[in-house]
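Next comes work_19.txt, with compact mmCIF, C-alpha atoms and all ligand atoms.
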```
# COMPACT_ATOMS: atom_id res chain seq x y z
CA MET N 1 -17.20 -20.65 29.54
CA LYS N 2 -19.03 -22.53 26.86
CA GLU N 3 -19.60 -20.64 23.63
CA LYS N 4 -22.12 -21.24 20.89
CA VAL N 5 -20.04 -20.79 17.77
CA LEU N 6 -21.15 -20.45 14.16
CA VAL N 7 -18.36 -21.75 11.93
CA THR N 8 -18.81 -20.86 8.27
CA GLY N 9 -16.71 -23.08 6.03
CA GLY N 10 -16.36 -25.60 8.84
CA ALA N 11 -16.36 -28.50 6.36
CA GLY N 12 -13.16 -27.22 4.73
CA TYR N 13 -9.50 -27.83 5.49
CA ILE N 14 -8.76 -25.31 8.24
CA GLY N 15 -12.34 -24.91 9.46
CA SER N 16 -12.73 -28.66 10.10
CA HIS N 17 -9.61 -28.72 12.27
CA VAL N 18 -10.89 -25.75 14.27
CA VAL N 19 -14.31 -27.37 14.71
CA LYS N 20 -12.65 -30.47 16.15
CA LEU N 21 -10.69 -28.40 18.69
CA LEU N 22 -13.78 -26.36 19.61
CA VAL N 23 -15.85 -29.50 20.21
CA ASP N 24 -13.01 -31.10 22.18
CA ALA N 25 -12.86 -27.93 24.33
CA GLY N 26 -16.58 -28.30 25.15
CA HIS N 27 -18.02 -25.56 22.93
CA ASP N 28 -21.29 -25.92 21.07
CA VAL N 29 -20.65 -25.64 17.30
CA VAL N 30 -22.85 -25.17 14.26
CA VAL N 31 -21.10 -25.50 10.90
CA TYR N 32 -22.58 -23.53 8.01
CA ASP N 33 -21.11 -24.64 4.68
CA ASN N 34 -22.36 -24.90 1.10
CA LEU N 35 -20.13 -27.96 0.54
CA SER N 36 -18.78 -26.44 -2.69
CA THR N 37 -15.23 -27.25 -1.60
CA GLY N 38 -15.91 -28.72 1.84
CA TYR N 39 -16.88 -32.29 2.72
CA ARG N 40 -19.73 -33.49 4.91
CA SER N 41 -17.44 -36.20 6.30
CA ALA N 42 -15.02 -33.52 7.58
CA VAL N 43 -17.65 -32.33 10.07
CA LEU N 44 -16.98 -34.92 12.71
CA GLU N 45 -19.10 -34.06 15.72
CA ALA N 46 -20.93 -30.82 15.06
CA LYS N 47 -24.28 -29.89 13.58
CA LEU N 48 -24.05 -29.06 9.87
CA VAL N 49 -26.33 -26.58 8.13
CA VAL N 50 -25.85 -26.78 4.37
CA GLY N 51 -26.14 -23.24 3.08
CA ASP N 52 -24.37 -20.43 1.31
CA VAL N 53 -23.14 -17.42 3.27
CA GLY N 54 -24.53 -15.36 0.39
CA ASP N 55 -28.01 -16.70 1.13
CA CYS N 56 -28.78 -13.94 3.63
CA GLU N 57 -32.28 -15.27 4.40
CA LYS N 58 -31.11 -18.75 5.28
CA LEU N 59 -28.23 -17.33 7.27
CA ASP N 60 -30.56 -15.02 9.14
CA ALA N 61 -32.89 -17.94 9.93
CA THR N 62 -29.92 -19.89 11.27
CA PHE N 63 -29.01 -16.96 13.54
CA SER N 64 -32.62 -16.83 14.76
CA ASP N 65 -32.65 -20.58 15.48
CA GLU N 66 -29.36 -20.76 17.30
CA ASN N 67 -28.39 -17.84 19.64
CA PHE N 68 -24.73 -17.70 18.71
CA THR N 69 -22.22 -16.03 21.00
CA ALA N 70 -19.38 -15.97 18.45
CA VAL N 71 -18.71 -16.43 14.74
CA MET N 72 -15.68 -17.87 12.99
CA HIS N 73 -15.70 -17.09 9.29
CA PHE N 74 -13.69 -19.48 7.09
CA ALA N 75 -15.98 -19.78 4.09
CA GLY N 76 -14.48 -18.25 0.99
CA SER N 77 -12.52 -18.84 -2.18
CA ILE N 78 -8.77 -19.28 -1.91
CA ILE N 79 -7.14 -20.08 -5.27
CA VAL N 80 -4.98 -17.16 -6.34
CA PRO N 81 -4.78 -17.85 -10.12
CA GLU N 82 -8.55 -18.40 -10.23
CA SER N 83 -9.03 -15.03 -8.52
CA VAL N 84 -7.17 -13.39 -11.41
CA THR N 85 -9.36 -14.99 -14.08
CA ASP N 86 -12.62 -14.74 -12.12
CA PRO N 87 -12.34 -11.72 -9.80
CA ILE N 88 -16.10 -11.31 -9.42
CA LYS N 89 -16.35 -14.75 -7.78
CA TYR N 90 -13.75 -13.63 -5.23
CA TYR N 91 -15.37 -10.30 -4.47
CA ILE N 92 -18.75 -12.02 -4.07
CA ASN N 93 -17.55 -14.98 -1.99
CA ASN N 94 -14.95 -13.19 0.12
CA THR N 95 -16.25 -9.65 0.41
CA THR N 96 -19.97 -9.32 -0.35
CA ASN N 97 -20.90 -12.55 1.45
CA SER N 98 -18.92 -11.41 4.50
CA LEU N 99 -21.14 -8.31 4.57
CA CYS N 100 -24.23 -10.49 4.66
CA LEU N 101 -22.76 -12.40 7.62
CA LEU N 102 -21.72 -9.22 9.45
CA ASP N 103 -25.17 -7.76 8.95
CA CYS N 104 -26.61 -10.86 10.67
CA CYS N 105 -24.10 -10.44 13.52
CA VAL N 106 -25.16 -6.84 14.06
CA ARG N 107 -28.88 -7.55 13.92
CA HIS N 108 -28.60 -10.57 16.24
CA GLY N 109 -26.13 -8.95 18.66
CA VAL N 110 -23.23 -11.35 18.06
CA ASN N 111 -20.17 -9.35 19.02
CA ARG N 112 -17.23 -11.75 18.76
CA PHE N 113 -15.96 -12.42 15.26
CA ILE N 114 -12.88 -14.29 14.02
CA PHE N 115 -11.95 -13.92 10.37
CA SER N 116 -9.69 -15.99 8.11
CA SER N 117 -7.42 -13.49 6.40
CA THR N 118 -4.20 -14.10 4.55
CA ALA N 119 -0.56 -13.13 4.13
CA ALA N 120 -1.54 -12.33 0.53
CA VAL N 121 -2.51 -8.88 1.84
CA TYR N 122 1.25 -8.15 2.02
CA GLY N 123 1.73 -8.81 -1.71
CA MET N 124 5.43 -9.11 -2.48
CA GLY N 125 6.31 -8.52 1.16
CA GLY N 126 8.46 -5.41 0.84
CA GLU N 127 12.25 -5.23 1.08
CA SER N 128 13.07 -7.81 3.74
CA GLY N 129 10.11 -10.19 3.26
CA SER N 130 9.66 -10.59 7.03
CA VAL N 131 6.38 -8.86 7.71
CA SER N 132 4.66 -7.63 10.85
CA GLU N 133 1.08 -6.42 11.04
CA SER N 134 2.34 -2.85 10.67
CA SER N 135 4.14 -3.64 7.41
CA PRO N 136 2.45 -2.01 4.42
CA VAL N 137 -0.38 -3.93 2.81
CA ASN N 138 -0.24 -4.18 -0.95
CA PRO N 139 -2.15 -7.19 -2.28
CA ILE N 140 -1.37 -7.99 -5.89
CA ASN N 141 -4.31 -10.22 -6.80
CA PRO N 142 -8.10 -10.21 -6.31
CA TYR N 143 -7.83 -12.93 -3.66
CA GLY N 144 -5.66 -10.75 -1.39
CA ARG N 145 -7.68 -7.64 -2.20
CA SER N 146 -11.02 -9.31 -1.49
CA LYS N 147 -9.74 -10.43 1.94
CA LEU N 148 -8.22 -7.02 2.74
CA MET N 149 -11.51 -5.32 1.90
CA THR N 150 -13.22 -7.53 4.47
CA GLU N 151 -10.58 -6.57 7.04
CA TRP N 152 -11.43 -2.92 6.34
CA ILE N 153 -15.15 -3.57 6.73
CA LEU N 154 -14.43 -5.24 10.07
CA GLU N 155 -12.35 -2.28 11.20
CA ASP N 156 -15.11 0.17 10.28
CA LEU N 157 -17.74 -1.94 11.99
CA SER N 158 -15.77 -2.26 15.21
CA ARG N 159 -15.16 1.51 15.20
CA SER N 160 -18.87 2.18 14.77
CA ASN N 161 -19.94 -0.31 17.44
CA SER N 162 -17.86 -0.50 20.59
CA ASN N 163 -19.44 -3.84 21.58
CA PHE N 164 -18.28 -5.55 18.39
CA ASN N 165 -14.74 -6.94 18.38
CA PHE N 166 -12.96 -9.04 15.79
CA ILE N 167 -9.71 -10.86 15.28
CA ALA N 168 -8.48 -11.16 11.70
CA LEU N 169 -5.87 -13.89 11.44
CA ARG N 170 -3.50 -13.49 8.50
CA TYR N 171 -2.53 -17.04 7.60
CA PHE N 172 0.86 -17.75 6.08
CA ASN N 173 1.42 -21.17 4.39
CA VAL N 174 -0.85 -23.66 6.13
CA ALA N 175 0.17 -27.32 5.94
CA GLY N 176 -0.08 -30.63 7.77
CA ALA N 177 -3.14 -32.51 8.96
CA ASP N 178 -4.74 -34.01 12.01
CA PRO N 179 -2.84 -37.26 12.74
CA SER N 180 -6.09 -39.27 12.67
CA GLY N 181 -5.99 -39.10 8.86
CA LYS N 182 -9.65 -38.00 8.81
CA LEU N 183 -9.07 -34.30 8.22
CA GLY N 184 -6.75 -32.63 5.76
CA GLN N 185 -6.43 -30.68 2.56
CA ARG N 186 -8.76 -32.06 -0.12
CA GLY N 187 -9.86 -30.85 -3.51
CA PRO N 188 -9.41 -31.65 -7.15
CA GLU N 189 -6.83 -29.08 -8.22
CA ALA N 190 -3.90 -28.91 -5.84
CA THR N 191 -1.66 -25.88 -6.28
CA HIS N 192 0.08 -25.66 -2.91
CA LEU N 193 3.64 -26.86 -2.72
CA ILE N 194 3.43 -29.58 -0.06
CA LYS N 195 0.26 -31.12 -1.49
CA VAL N 196 1.70 -31.08 -5.02
CA ALA N 197 4.95 -32.69 -3.83
CA LEU N 198 3.03 -35.38 -1.93
CA GLN N 199 0.97 -36.14 -5.03
CA ALA N 200 4.23 -36.56 -6.97
CA ALA N 201 5.51 -38.90 -4.25
CA LEU N 202 2.33 -40.98 -4.47
CA GLY N 203 2.35 -41.11 -8.27
CA VAL N 204 -0.85 -39.06 -8.57
CA ARG N 205 1.22 -36.79 -10.81
CA GLU N 206 4.18 -37.82 -12.90
CA HIS N 207 6.44 -34.96 -11.81
CA MET N 208 6.36 -31.57 -10.13
CA GLU N 209 7.82 -28.18 -10.96
CA ILE N 210 9.89 -25.69 -9.03
CA PHE N 211 8.58 -22.28 -10.02
CA GLY N 212 11.78 -20.29 -10.23
CA ALA N 213 15.26 -21.41 -9.18
CA ASP N 214 16.91 -18.04 -9.79
CA TYR N 215 15.63 -16.02 -6.84
CA ASP N 216 18.01 -14.10 -4.63
CA THR N 217 17.74 -16.69 -1.83
CA PRO N 218 20.40 -19.12 -0.56
CA ASP N 219 19.34 -21.98 -2.88
CA GLY N 220 17.60 -19.84 -5.51
CA THR N 221 14.06 -20.98 -4.67
CA GLY N 222 11.20 -19.20 -2.89
CA ILE N 223 11.01 -19.18 0.90
CA ARG N 224 7.76 -19.41 2.88
CA ASP N 225 6.61 -19.68 6.48
CA TYR N 226 4.83 -23.06 6.75
CA ILE N 227 2.52 -23.38 9.78
CA HIS N 228 0.92 -26.62 10.97
CA VAL N 229 -2.87 -26.52 10.69
CA LEU N 230 -3.22 -27.69 14.32
CA ASP N 231 -1.21 -24.73 15.64
CA LEU N 232 -3.23 -22.43 13.41
CA ALA N 233 -6.46 -24.01 14.67
CA GLN N 234 -5.33 -23.41 18.26
CA ALA N 235 -4.79 -19.71 17.43
CA HIS N 236 -8.54 -19.51 16.71
CA LEU N 237 -9.40 -20.91 20.13
CA ASP N 238 -6.91 -18.52 21.73
CA ALA N 239 -8.53 -15.67 19.79
CA LEU N 240 -11.94 -16.69 21.10
CA SER N 241 -10.67 -16.69 24.70
CA TYR N 242 -9.06 -13.31 24.14
CA LEU N 243 -12.30 -11.79 22.86
CA ARG N 244 -14.29 -13.40 25.68
CA ASP N 245 -11.92 -11.75 28.14
CA ASP N 246 -12.91 -8.38 26.62
CA GLY N 247 -9.91 -8.09 24.32
CA ASN N 248 -10.35 -5.52 21.60
CA SER N 249 -10.11 -5.93 17.84
CA GLN N 250 -6.80 -7.12 16.39
CA ILE N 251 -5.22 -8.17 13.13
CA LEU N 252 -2.59 -10.87 13.73
CA ASN N 253 -0.05 -12.76 11.65
CA CYS N 254 -0.15 -16.55 11.88
CA GLY N 255 3.21 -18.10 11.11
CA TYR N 256 6.27 -19.32 12.96
CA GLY N 257 8.69 -16.57 11.95
CA ARG N 258 10.98 -18.89 10.03
CA GLY N 259 11.05 -20.01 6.43
CA PHE N 260 11.85 -23.03 4.30
CA SER N 261 12.79 -22.96 0.63
CA VAL N 262 11.00 -24.93 -2.07
CA ARG N 263 14.03 -27.21 -2.34
CA GLU N 264 14.07 -27.84 1.43
CA VAL N 265 10.38 -28.76 1.38
CA ILE N 266 10.78 -31.10 -1.60
CA SER N 267 13.77 -32.76 0.00
CA MET N 268 11.76 -33.38 3.19
CA VAL N 269 8.85 -34.82 1.19
CA LYS N 270 11.30 -37.19 -0.51
CA GLN N 271 12.75 -38.19 2.85
CA VAL N 272 9.35 -38.79 4.48
CA SER N 273 7.91 -40.70 1.52
CA GLY N 274 11.09 -42.49 0.52
CA VAL N 275 10.30 -41.69 -3.13
CA ASP N 276 12.74 -39.82 -5.38
CA PHE N 277 10.09 -38.31 -7.68
CA LYS N 278 10.90 -36.22 -10.71
CA VAL N 279 11.33 -32.47 -10.19
CA ILE N 280 11.64 -29.98 -13.04
CA GLU N 281 12.94 -26.43 -12.66
CA SER N 282 10.71 -24.04 -14.55
CA GLU N 283 9.87 -20.36 -14.85
CA ARG N 284 8.89 -18.17 -11.94
CA ARG N 285 5.15 -18.08 -11.26
CA ALA N 286 3.61 -14.63 -11.71
CA GLY N 287 3.12 -12.75 -8.46
CA ASP N 288 5.31 -14.99 -6.27
CA ALA N 289 7.40 -13.19 -3.66
CA PRO N 290 10.95 -14.51 -3.24
CA TYR N 291 10.62 -14.59 0.55
CA LEU N 292 7.53 -14.19 2.73
CA VAL N 293 7.85 -14.95 6.43
CA ALA N 294 5.71 -13.79 9.36
CA ILE N 295 6.80 -11.83 12.36
CA PRO N 296 4.31 -13.51 14.75
CA ASP N 297 5.21 -11.66 17.97
CA ARG N 298 1.79 -10.10 18.46
CA LEU N 299 0.01 -13.44 18.17
CA GLU N 300 2.29 -14.88 20.84
CA ASP N 301 2.12 -11.84 23.13
CA LEU N 302 -1.56 -10.93 22.91
CA LEU N 303 -3.16 -14.35 22.60
CA GLU N 304 -0.48 -16.24 24.55
CA TRP N 305 -0.29 -18.56 21.56
CA ARG N 306 2.32 -21.28 22.06
CA PRO N 307 2.84 -23.37 18.91
CA LYS N 308 3.68 -27.05 19.35
CA TYR N 309 4.19 -28.37 15.84
CA ARG N 310 6.96 -26.32 14.25
CA ASP N 311 8.81 -29.39 13.01
CA LEU N 312 8.69 -29.49 9.18
CA LYS N 313 9.13 -33.25 9.16
CA TRP N 314 6.05 -33.86 11.31
CA MET N 315 4.09 -31.36 9.25
CA ILE N 316 4.87 -33.36 6.13
CA GLU N 317 4.38 -36.73 7.84
CA THR N 318 0.85 -35.79 8.93
CA ALA N 319 0.03 -34.42 5.47
CA TYR N 320 1.44 -37.60 3.88
CA ASN N 321 -0.59 -39.78 6.23
CA PHE N 322 -3.76 -37.94 5.16
CA GLU N 323 -2.85 -38.02 1.47
CA GLN N 324 -2.28 -41.80 1.57
CA GLY N 325 -5.78 -42.42 2.91
CA ILE N 326 -7.61 -39.81 0.84
CA ASP N 327 -9.26 -42.31 -1.54
CA GLN N 328 -10.92 -44.10 1.37
CA LEU N 329 -12.66 -40.95 2.64
CA SER N 330 -16.31 -40.34 1.86
N1 LIG N 401 5.79 -23.79 -5.66
C1 LIG N 401 6.53 -24.54 -6.56
N2 LIG N 401 5.90 -25.57 -7.22
C2 LIG N 401 4.58 -25.88 -7.03
C3 LIG N 401 3.84 -25.11 -6.09
C4 LIG N 401 4.48 -24.07 -5.43
O1 LIG N 401 7.71 -24.30 -6.78
O2 LIG N 401 4.07 -26.80 -7.68
C5 LIG N 401 6.45 -22.70 -4.89
C6 LIG N 401 5.88 -21.32 -5.11
O3 LIG N 401 6.48 -20.73 -6.24
C7 LIG N 401 6.24 -20.64 -3.79
C8 LIG N 401 6.15 -21.78 -2.77
O4 LIG N 401 6.29 -22.99 -3.54
O5 LIG N 401 7.58 -20.18 -3.80
C9 LIG N 401 4.82 -21.82 -2.01
O6 LIG N 401 3.76 -21.77 -2.95
P1 LIG N 401 2.27 -22.19 -2.57
O7 LIG N 401 1.46 -22.18 -3.83
O8 LIG N 401 2.29 -23.46 -1.79
O9 LIG N 401 1.79 -21.07 -1.55
P2 LIG N 401 1.78 -19.46 -1.70
O10 LIG N 401 2.98 -18.98 -0.95
O11 LIG N 401 1.79 -19.12 -3.16
O12 LIG N 401 0.52 -19.06 -1.03
```

Can the structure from this file be put into structure tokens for me?
Amino acid sequence: MKEKVLVTGGAGYIGSHVVKLLVDAGHDVVVYDNLSTGYRSAVLEAKLVVGDVGDCEKLDATFSDENFTAVMHFAGSIIVPESVTDPIKYYINNTTNSLCLLDCCVRHGVNRFIFSSTAAVYGMGGESGSVSESSPVNPINPYGRSKLMTEWILEDLSRSNSNFNFIALRYFNVAGADPSGKLGQRGPEATHLIKVALQAALGVREHMEIFGADYDTPDGTGIRDYIHVLDLAQAHLDALSYLRDDGNSQILNCGYGRGFSVREVISMVKQVSGVDFKVIESERRAGDAPYLVAIPDRLEDLLEWRPKYRDLKWMIETAYNFEQGIDQLS
């Protein structure tokens, strides 16, 4: 069945990949994005409304114009260190603005909602570092807290209104790009490992750092669960089908259930690029867990999600392909 989907933040990295899959699957999509970190050129075949989710009047007018059947909410701020220095920005963009959007959903009777949440809600990840949705939440920065607060709002709303159902997807470390080279991770200040390493390979930066080589892990560096953006995008379509089939509200981890260390990732970037760039071992970064890996069983069981792109090499190849062509993009 064709859906009419509002995608906030659809001009950004993950949102743009989801929009492409939605359009390819025959859904009708309207992207709503203020283009603060997104790019007009990343909206390939959907209608774009330039607006801020915090502009409740404009958002409401868009709901009135369009008769949406579902909402996917990607718009938000995502840089952890920035959230520590500017928490208000994070609580406004990630929490307050979500309220504005949810209020529109309630008033316009839109009852299917998919929310971009994050593994940052698990904080340091507890003893083992492998986390399921029933593991304790304990975010240690305003970014994780602002997202967790929105999860709580969603839970309260779905309890108060039996017609309203949501899926909150807790993303682990998203990487890779659409092989076309048109969509990928853009932005002036890269902080994520794979992007930083690729920039070092391409000479955009002179060297890169390993933040902590003395962790209690096999090679001393941090371990994360890297998930290809196309598999993550598919999880959103699976979530939409699940809600359409009258599935009830869920919070689900999005990862593969296996981890790679910082050294393993860097070594793969060197292999893919063929460049032996300079790597410096430096201090641990504040707030970094040694090991954070998803237990994704519920995503696979409930949504029948079947990932296709677990291969780290392909993840890095697609990201490298995008990074090489980034200067040609508008
Ligand atoms: N990391 C690193 N150097 C960098 C960026 C990241 O050593 O320039 C490490 C970081 O300490 C963590 C892992 O790479 O162990 C993933 O960090 P990233 O910022 O990509 O994602 P996070 O897990 O913090 O969301």

May I have the residues within 7 Å of range 203-217 of chain N as a ChimeraX atom specification, using all atoms listed in the file and disregarding those fewer than 5 positions away in the same chain?
/N:196-197,222,277-285,290

I'd like to know which of N:Asp33, N:Thr191, N:Gly274, N:Ala177 is closest to Ala319 in chain N, using all atoms listed in the file.
N:Ala177

Separation of CA of Asp297 in chain N and CA of Thr318 in chain N, in Å?
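Computing the Euclidean distance for CA of Asp297 in chain N and CA of Thr318 in chain N yields 26.1 Å.
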
Identify which of the residues N:Val49, N:Leu44, N:Val80, N:Ala61 lies closest to ligand LIG 401 (chain N), counting all atoms listed in the file when measuring atom-to-atom distances.
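The closest residue to ligand LIG 401 (chain N) is N:Val80.
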
Using only C-alpha atoms for the distances, tell me which of N:Leu299, N:Leu183, N:Leu99, N:Leu193 is nearest to Ala168 in chain N.
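Nearest candidate to Ala168 in chain N out of N:Leu299, N:Leu183, N:Leu99, N:Leu193: N:Leu299.
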
Near range 230-244 of chain N, within 8 Å and counting all atoms listed in the file, which residues show up once chain neighbours fewer than 6 positions away are dropped, as a ChimeraX atom specification?
/N:14-15,17-18,21-22,70,112,114,165-167,171,174,176-178,254,299,302-305,307-309

Step by step, gather every atom of ligand LIG 401 (chain N) that the file lists, find the box along x, y and z that holds them, add 8 Å on each side, and finally give centre and edge lengths in Å to one decimal, as AutoDock Vina command-line options.
```
--center_x 4.1 --center_y -22.9 --center_z -4.3 --size_x 23.2 --size_y 23.8 --size_z 22.7
```

Report the distance between CA of Ala286 in chain N and CA of Arg224 in chain N in Å, rounded to one decimal place.
15.9 Å

Counting only C-alpha atoms, the residue of N:Ser83, N:Asn173, N:Asn34, N:Thr95 that sits nearest Gly259 in chain N:
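Among the listed residues, N:Asn173 lies closest to Gly259 in chain N.
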
Given the choices N:Ser249, N:Asp156, N:Ala119, N:Lys313, which gets closest to ligand LIG 401 (chain N) if the distance is worked out from all atoms listed in the file?
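Closest to ligand LIG 401 (chain N) of all the choices is N:Ala119.
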
Nearest to Ile153 in chain N among N:Ala120, N:Ala11, N:Leu102, N:Ile316, with distances taken over all atoms listed in the file: which residue is it?
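Smallest separation from Ile153 in chain N among the options: N:Leu102.
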
Within 12 Å of Ala46 in chain N using all atoms listed in the file, minus same-chain residues under 3 positions, as a list in words:
Lys4, Val5, Leu6, Val7, Gly10, Ala11, Gly15, Ser16, His17, Val18, Val19, Lys20, Leu21, Leu22, Val23, Asp24, Gly26, His27, Asp28, Val29, Val30, Val31, Tyr32, Arg40, Ser41, Ala42, Val43 and Val49 of chain N

Write the residues of the selection above to a file with C-alpha atoms, as a PDB file, in the coordinates of the input.
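Output contents, as saved in selection15.pdb:
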```
ATOM      1  CA  LYS N   4     -22.120 -21.240  20.890  1.00  0.00           C
ATOM      2  CA  VAL N   5     -20.040 -20.790  17.770  1.00  0.00           C
ATOM      3  CA  LEU N   6     -21.150 -20.450  14.160  1.00  0.00           C
ATOM      4  CA  VAL N   7     -18.360 -21.750  11.930  1.00  0.00           C
ATOM      5  CA  GLY N  10     -16.360 -25.600   8.840  1.00  0.00           C
ATOM      6  CA  ALA N  11     -16.360 -28.500   6.360  1.00  0.00           C
ATOM      7  CA  GLY N  15     -12.340 -24.910   9.460  1.00  0.00           C
ATOM      8  CA  SER N  16     -12.730 -28.660  10.100  1.00  0.00           C
ATOM      9  CA  HIS N  17      -9.610 -28.720  12.270  1.00  0.00           C
ATOM     10  CA  VAL N  18     -10.890 -25.750  14.270  1.00  0.00           C
ATOM     11  CA  VAL N  19     -14.310 -27.370  14.710  1.00  0.00           C
ATOM     12  CA  LYS N  20     -12.650 -30.470  16.150  1.00  0.00           C
ATOM     13  CA  LEU N  21     -10.690 -28.400  18.690  1.00  0.00           C
ATOM     14  CA  LEU N  22     -13.780 -26.360  19.610  1.00  0.00           C
ATOM     15  CA  VAL N  23     -15.850 -29.500  20.210  1.00  0.00           C
ATOM     16  CA  ASP N  24     -13.010 -31.100  22.180  1.00  0.00           C
ATOM     17  CA  GLY N  26     -16.580 -28.300  25.150  1.00  0.00           C
ATOM     18  CA  HIS N  27     -18.020 -25.560  22.930  1.00  0.00           C
ATOM     19  CA  ASP N  28     -21.290 -25.920  21.070  1.00  0.00           C
ATOM     20  CA  VAL N  29     -20.650 -25.640  17.300  1.00  0.00           C
ATOM     21  CA  VAL N  30     -22.850 -25.170  14.260  1.00  0.00           C
ATOM     22  CA  VAL N  31     -21.100 -25.500  10.900  1.00  0.00           C
ATOM     23  CA  TYR N  32     -22.580 -23.530   8.010  1.00  0.00           C
ATOM     24  CA  ARG N  40     -19.730 -33.490   4.910  1.00  0.00           C
ATOM     25  CA  SER N  41     -17.440 -36.200   6.300  1.00  0.00           C
ATOM     26  CA  ALA N  42     -15.020 -33.520   7.580  1.00  0.00           C
ATOM     27  CA  VAL N  43     -17.650 -32.330  10.070  1.00  0.00           C
ATOM     28  CA  VAL N  49     -26.330 -26.580   8.130  1.00  0.00           C
TER      29      VAL N  49
END
```

Would you compute the distance between atom O2 of ligand LIG 401 (chain N) and CA of Thr150 in chain N? Give it in Å to one decimal.
28.6 Å

At a cut-off of 12 Å, using all atoms listed in the file, what residues contact Lys89 in chain N? Leave out same-chain residues fewer than 2 positions from it and give the result as a PyMOL selection string.
chain N and resi 54+76-80+82-87+91-97+142-143+146
